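These notes concern the structure reproduced below.
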Amino acid sequence: MELVKQITLCEVGLRDGLQNEATQLSTEEKIRTVDALSAAGFPVIEVGSFVSPKAVPQMADTDEVFRGISRKDGVEYRALIANARGVDRAIACGCSKVKLNVSASTAHNLANLNCTPAESVSRFAECVDKASAAGIDISGSISMAFGSPWDREIPVEAVKEIVRAYLAVGIDEISLSDASGMAYPTQVYDLCQEMRRSFPQVTWWLHFHNTRGLGLANILAGMQAGFTRYDSAFAGVGGCPFVPGAAGNVSTEDLLHMCDEMGVKTGIDLDRAMEISRSIVGILGHPNDSYLLRAGKSNDLIREIPTGQIKNQVTKK
């Protein structure tokens, strides 16, 4: 198995996770969480989003969170935006990286915006110009790049068209997102290989949901294809509110544990990450989608079972 030796993780729980939760964290709790993530070694943190508070009330205080966090050198603190107004808010609160998003589903885009995905991206030029003038980095995301409830699988050429549209407006950092949770490993590997061959100038990210239990398998396929940047969410919180039955994001601690076991470096302290996830679960007050929070690390299990107990279990069997 040929795997990359090291990956970069972005913690998206504060945005893609909490925006789907009925229980809202206070601004102070969000600030403490961001600072804890920085201390745990996360190199990229998605703090929130600059979107309409009426549409996503959970993200209404993103500006205040940015103003309150203790920024650590070398950590990228980013936020999602929907339009040029989002860039204005980013400038005002000191956010240095923003991300735009478009759906890969032509049917979805036509129904909601009366234009194709590529046409939507072409309208992002104003955001790019404004961000560049303010010294703010900008990236793009393609949601449902692996399939949607409206189109089933998305043609590879359709994804390429959106990538070309992003490049045309000056965005060369792009995330392929499985918001619908329909991706599967062989598809992920093939698409990633094709994207790397066709667009070597792009800095790629992958974002998977664990809707049907294939999140980690899809990440493993991405690693085999040479991709090194991934999103994940503490305790596996989140999910896409527009897709029926959509479950949460890939659990950060589950992904970290897998990488530790395989010798893939992340630079993140797993124990600290688990503490953060436990605190979030305590606040949200409902079961989570994290295997590691339920079962613990493999190494801990081995250390905790006394030798005599192991013998007794063997005898009983």
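Here, A, B, ... name the chains of the structure tokens in the order displayed, residue numbers run from 1 inside each chain, and ligands are numbered from 1 in the same displayed order.
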Give me the residues within 10 Å of region 78-95 of chain A as an mmCIF file with N, CA and C atoms, in the first residue's frame, counting only C-alpha atoms and dropping any in the same chain fewer than 6 places off.
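Saved to result_37.cif:
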data_model
loop_
_atom_site.group_PDB
_atom_site.id
_atom_site.type_symbol
_atom_site.label_atom_id
_atom_site.label_comp_id
_atom_site.auth_asym_id
_atom_site.auth_seq_id
_atom_site.Cartn_x
_atom_site.Cartn_y
_atom_site.Cartn_z
ATOM 1 N N CYS A 10 -7.537 20.116 8.562
ATOM 2 C CA CYS A 10 -8.288 21.305 8.952
ATOM 3 C C CYS A 10 -9.455 20.861 9.815
ATOM 4 N N VAL A 12 -12.962 21.390 11.042
ATOM 5 C CA VAL A 12 -14.118 22.150 10.561
ATOM 6 C C VAL A 12 -15.331 22.048 11.488
ATOM 7 N N LEU A 14 -16.188 23.579 14.178
ATOM 8 C CA LEU A 14 -16.767 24.846 14.620
ATOM 9 C C LEU A 14 -17.681 25.470 13.570
ATOM 10 N N ARG A 15 -17.475 25.103 12.306
ATOM 11 C CA ARG A 15 -18.315 25.636 11.246
ATOM 12 C C ARG A 15 -19.256 24.569 10.696
ATOM 13 N N ASP A 16 -18.709 23.591 9.999
ATOM 14 C CA ASP A 16 -19.547 22.596 9.339
ATOM 15 C C ASP A 16 -20.229 21.672 10.340
ATOM 16 N N VAL A 44 -4.654 24.084 10.627
ATOM 17 C CA VAL A 44 -5.704 24.864 9.963
ATOM 18 C C VAL A 44 -7.005 24.675 10.741
ATOM 19 N N ILE A 45 -7.678 25.781 11.037
ATOM 20 C CA ILE A 45 -8.928 25.732 11.799
ATOM 21 C C ILE A 45 -9.969 26.586 11.082
ATOM 22 N N GLU A 46 -11.106 25.988 10.786
ATOM 23 C CA GLU A 46 -12.214 26.741 10.188
ATOM 24 C C GLU A 46 -13.066 27.280 11.331
ATOM 25 N N VAL A 47 -12.905 28.557 11.609
ATOM 26 C CA VAL A 47 -13.482 29.177 12.807
ATOM 27 C C VAL A 47 -14.993 29.348 12.703
ATOM 28 N N GLY A 48 -15.484 29.616 11.508
ATOM 29 C CA GLY A 48 -16.923 29.837 11.344
ATOM 30 C C GLY A 48 -17.213 30.259 9.915
ATOM 31 N N SER A 49 -18.291 31.028 9.740
ATOM 32 C CA SER A 49 -18.640 31.508 8.404
ATOM 33 C C SER A 49 -19.232 32.901 8.488
ATOM 34 N N PHE A 50 -18.955 33.690 7.463
ATOM 35 C CA PHE A 50 -19.510 35.030 7.347
ATOM 36 C C PHE A 50 -20.678 34.975 6.371
ATOM 37 N N VAL A 51 -21.796 34.492 6.860
ATOM 38 C CA VAL A 51 -23.005 34.378 6.060
ATOM 39 C C VAL A 51 -24.146 35.034 6.820
ATOM 40 N N SER A 52 -25.317 35.067 6.221
ATOM 41 C CA SER A 52 -26.461 35.720 6.850
ATOM 42 C C SER A 52 -26.816 35.040 8.171
ATOM 43 N N THR A 62 -19.326 34.774 14.451
ATOM 44 C CA THR A 62 -18.004 34.443 13.925
ATOM 45 C C THR A 62 -17.046 35.620 14.009
ATOM 46 N N ASP A 63 -17.523 36.835 13.752
ATOM 47 C CA ASP A 63 -16.677 38.027 13.827
ATOM 48 C C ASP A 63 -16.111 38.189 15.244
ATOM 49 N N GLU A 64 -16.961 38.006 16.258
ATOM 50 C CA GLU A 64 -16.528 38.143 17.646
ATOM 51 C C GLU A 64 -15.523 37.062 18.022
ATOM 52 N N VAL A 65 -15.732 35.865 17.504
ATOM 53 C CA VAL A 65 -14.801 34.779 17.807
ATOM 54 C C VAL A 65 -13.417 35.111 17.251
ATOM 55 N N PHE A 66 -13.357 35.591 16.024
ATOM 56 C CA PHE A 66 -12.071 35.962 15.432
ATOM 57 C C PHE A 66 -11.371 37.031 16.261
ATOM 58 N N ARG A 67 -12.135 37.971 16.777
ATOM 59 C CA ARG A 67 -11.528 39.046 17.576
ATOM 60 C C ARG A 67 -11.040 38.552 18.938
ATOM 61 N N GLY A 68 -11.616 37.441 19.412
ATOM 62 C CA GLY A 68 -11.288 36.989 20.768
ATOM 63 C C GLY A 68 -10.232 35.905 20.865
ATOM 64 N N ASN A 101 -17.779 28.524 -1.975
ATOM 65 C CA ASN A 101 -18.280 27.186 -2.261
ATOM 66 C C ASN A 101 -19.325 27.229 -3.371
ATOM 67 N N VAL A 102 -19.319 26.165 -4.190
ATOM 68 C CA VAL A 102 -20.341 25.996 -5.210
ATOM 69 C C VAL A 102 -20.698 24.514 -5.279
ATOM 70 N N ARG A 123 -18.888 34.480 -10.975
ATOM 71 C CA ARG A 123 -19.361 35.642 -10.226
ATOM 72 C C ARG A 123 -18.536 35.889 -8.958
ATOM 73 N N PHE A 124 -17.615 34.976 -8.661
ATOM 74 C CA PHE A 124 -16.767 35.134 -7.480
ATOM 75 C C PHE A 124 -15.612 36.102 -7.721
ATOM 76 N N ALA A 125 -15.475 36.606 -8.930
ATOM 77 C CA ALA A 125 -14.335 37.469 -9.261
ATOM 78 C C ALA A 125 -14.252 38.677 -8.333
ATOM 79 N N GLU A 126 -15.400 39.265 -7.986
ATOM 80 C CA GLU A 126 -15.414 40.421 -7.090
ATOM 81 C C GLU A 126 -14.829 40.062 -5.732
ATOM 82 N N CYS A 127 -15.172 38.860 -5.232
ATOM 83 C CA CYS A 127 -14.646 38.405 -3.945
ATOM 84 C C CYS A 127 -13.128 38.264 -4.004
ATOM 85 N N VAL A 128 -12.651 37.678 -5.099
ATOM 86 C CA VAL A 128 -11.216 37.469 -5.256
ATOM 87 C C VAL A 128 -10.480 38.803 -5.304
ATOM 88 N N ASP A 129 -10.993 39.748 -6.070
ATOM 89 C CA ASP A 129 -10.356 41.054 -6.195
ATOM 90 C C ASP A 129 -10.301 41.775 -4.854
ATOM 91 N N LYS A 130 -11.420 41.735 -4.133
ATOM 92 C CA LYS A 130 -11.480 42.430 -2.852
ATOM 93 C C LYS A 130 -10.567 41.769 -1.824
ATOM 94 N N ALA A 131 -10.551 40.440 -1.797
ATOM 95 C CA ALA A 131 -9.686 39.717 -0.853
ATOM 96 C C ALA A 131 -8.216 39.968 -1.174
ATOM 97 N N SER A 132 -7.862 39.920 -2.440
ATOM 98 C CA SER A 132 -6.469 40.131 -2.842
ATOM 99 C C SER A 132 -5.999 41.530 -2.461
ATOM 100 N N ALA A 134 -6.926 43.254 -0.020
ATOM 101 C CA ALA A 134 -6.787 43.358 1.432
ATOM 102 C C ALA A 134 -5.739 42.402 1.996
ATOM 103 N N GLY A 135 -5.076 41.640 1.112
ATOM 104 C CA GLY A 135 -4.064 40.705 1.565
ATOM 105 C C GLY A 135 -4.639 39.459 2.210
ATOM 106 N N ILE A 136 -5.861 39.099 1.833
ATOM 107 C CA ILE A 136 -6.530 37.919 2.382
ATOM 108 C C ILE A 136 -6.470 36.777 1.367
ATOM 109 N N ASP A 137 -6.038 35.612 1.824
ATOM 110 C CA ASP A 137 -6.002 34.441 0.944
ATOM 111 C C ASP A 137 -7.418 33.941 0.700
ATOM 112 N N ILE A 138 -7.620 33.283 -0.436
ATOM 113 C CA ILE A 138 -8.959 32.801 -0.777
ATOM 114 C C ILE A 138 -8.857 31.433 -1.443
ATOM 115 N N SER A 139 -9.761 30.563 -1.081
ATOM 116 C CA SER A 139 -9.806 29.219 -1.666
ATOM 117 C C SER A 139 -11.232 28.914 -2.099
ATOM 118 N N GLY A 140 -11.402 27.800 -2.795
ATOM 119 C CA GLY A 140 -12.724 27.415 -3.274
ATOM 120 C C GLY A 140 -13.054 25.986 -2.917
ATOM 121 N N SER A 141 -14.326 25.685 -2.889
ATOM 122 C CA SER A 141 -14.790 24.333 -2.580
ATOM 123 C C SER A 141 -15.845 23.914 -3.605
#
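Near Leu167 (chain A), within a cut-off of 10 Å and counting only C-alpha atoms, sit the residues Val121, Ser122, Gly140, Glu161, Glu173, Ile174, Phe199, Gln201 and Val202 of chain A, with same-chain residues fewer than 6 positions away left out.
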*Determine, counting only C-alpha atoms, which protein, DNA and RNA residues have an atom within 9 Å of an atom of Arg164 (chain A); residues of the same chain fewer than 4 positions away are not included. Present the result as a ChimeraX atom specification.*
/A:118,159-160,168-169,199
Prev. selection, N, CA and C atoms, output as a PDB file, in the first residue's frame:
ATOM      1  N   ALA A 118     -20.366  26.491 -12.993  1.00  0.00           N
ATOM      2  CA  ALA A 118     -19.266  27.298 -13.526  1.00  0.00           C
ATOM      3  C   ALA A 118     -19.642  28.769 -13.628  1.00  0.00           C
ATOM      4  N   VAL A 159     -16.904  18.378 -13.073  1.00  0.00           N
ATOM      5  CA  VAL A 159     -16.034  18.838 -11.989  1.00  0.00           C
ATOM      6  C   VAL A 159     -14.871  19.639 -12.575  1.00  0.00           C
ATOM      7  N   LYS A 160     -14.309  19.155 -13.674  1.00  0.00           N
ATOM      8  CA  LYS A 160     -13.204  19.870 -14.317  1.00  0.00           C
ATOM      9  C   LYS A 160     -13.618  21.266 -14.770  1.00  0.00           C
ATOM     10  N   ALA A 168      -9.873  30.462 -13.486  1.00  0.00           N
ATOM     11  CA  ALA A 168     -10.076  31.652 -14.313  1.00  0.00           C
ATOM     12  C   ALA A 168     -10.249  32.916 -13.473  1.00  0.00           C
ATOM     13  N   VAL A 169     -10.802  32.764 -12.240  1.00  0.00           N
ATOM     14  CA  VAL A 169     -10.968  33.945 -11.376  1.00  0.00           C
ATOM     15  C   VAL A 169      -9.818  34.088 -10.387  1.00  0.00           C
ATOM     16  N   PHE A 199      -4.739  19.034 -13.334  1.00  0.00           N
ATOM     17  CA  PHE A 199      -4.521  20.355 -12.746  1.00  0.00           C
ATOM     18  C   PHE A 199      -3.385  20.306 -11.710  1.00  0.00           C
TER      19      PHE A 199
END
*Identify, with DSSP run on backbone atoms, the residues in region 6-146 of chain A assigned to strand (DSSP E), and express the list as a PyMOL selection string.*
chain A and resi 8-11+44-50+76-81+97-103+137-143
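Between CA of Lys54 (chain A) and CA of Leu37 (chain A) there is a distance of 27.8 Å.
Remark: for Tyr166 (chain A), the closest of the candidate residues A:Asn299, A:Gln193, A:Ser70, A:Ser120 is A:Ser120 (distances computed over only C-alpha atoms).
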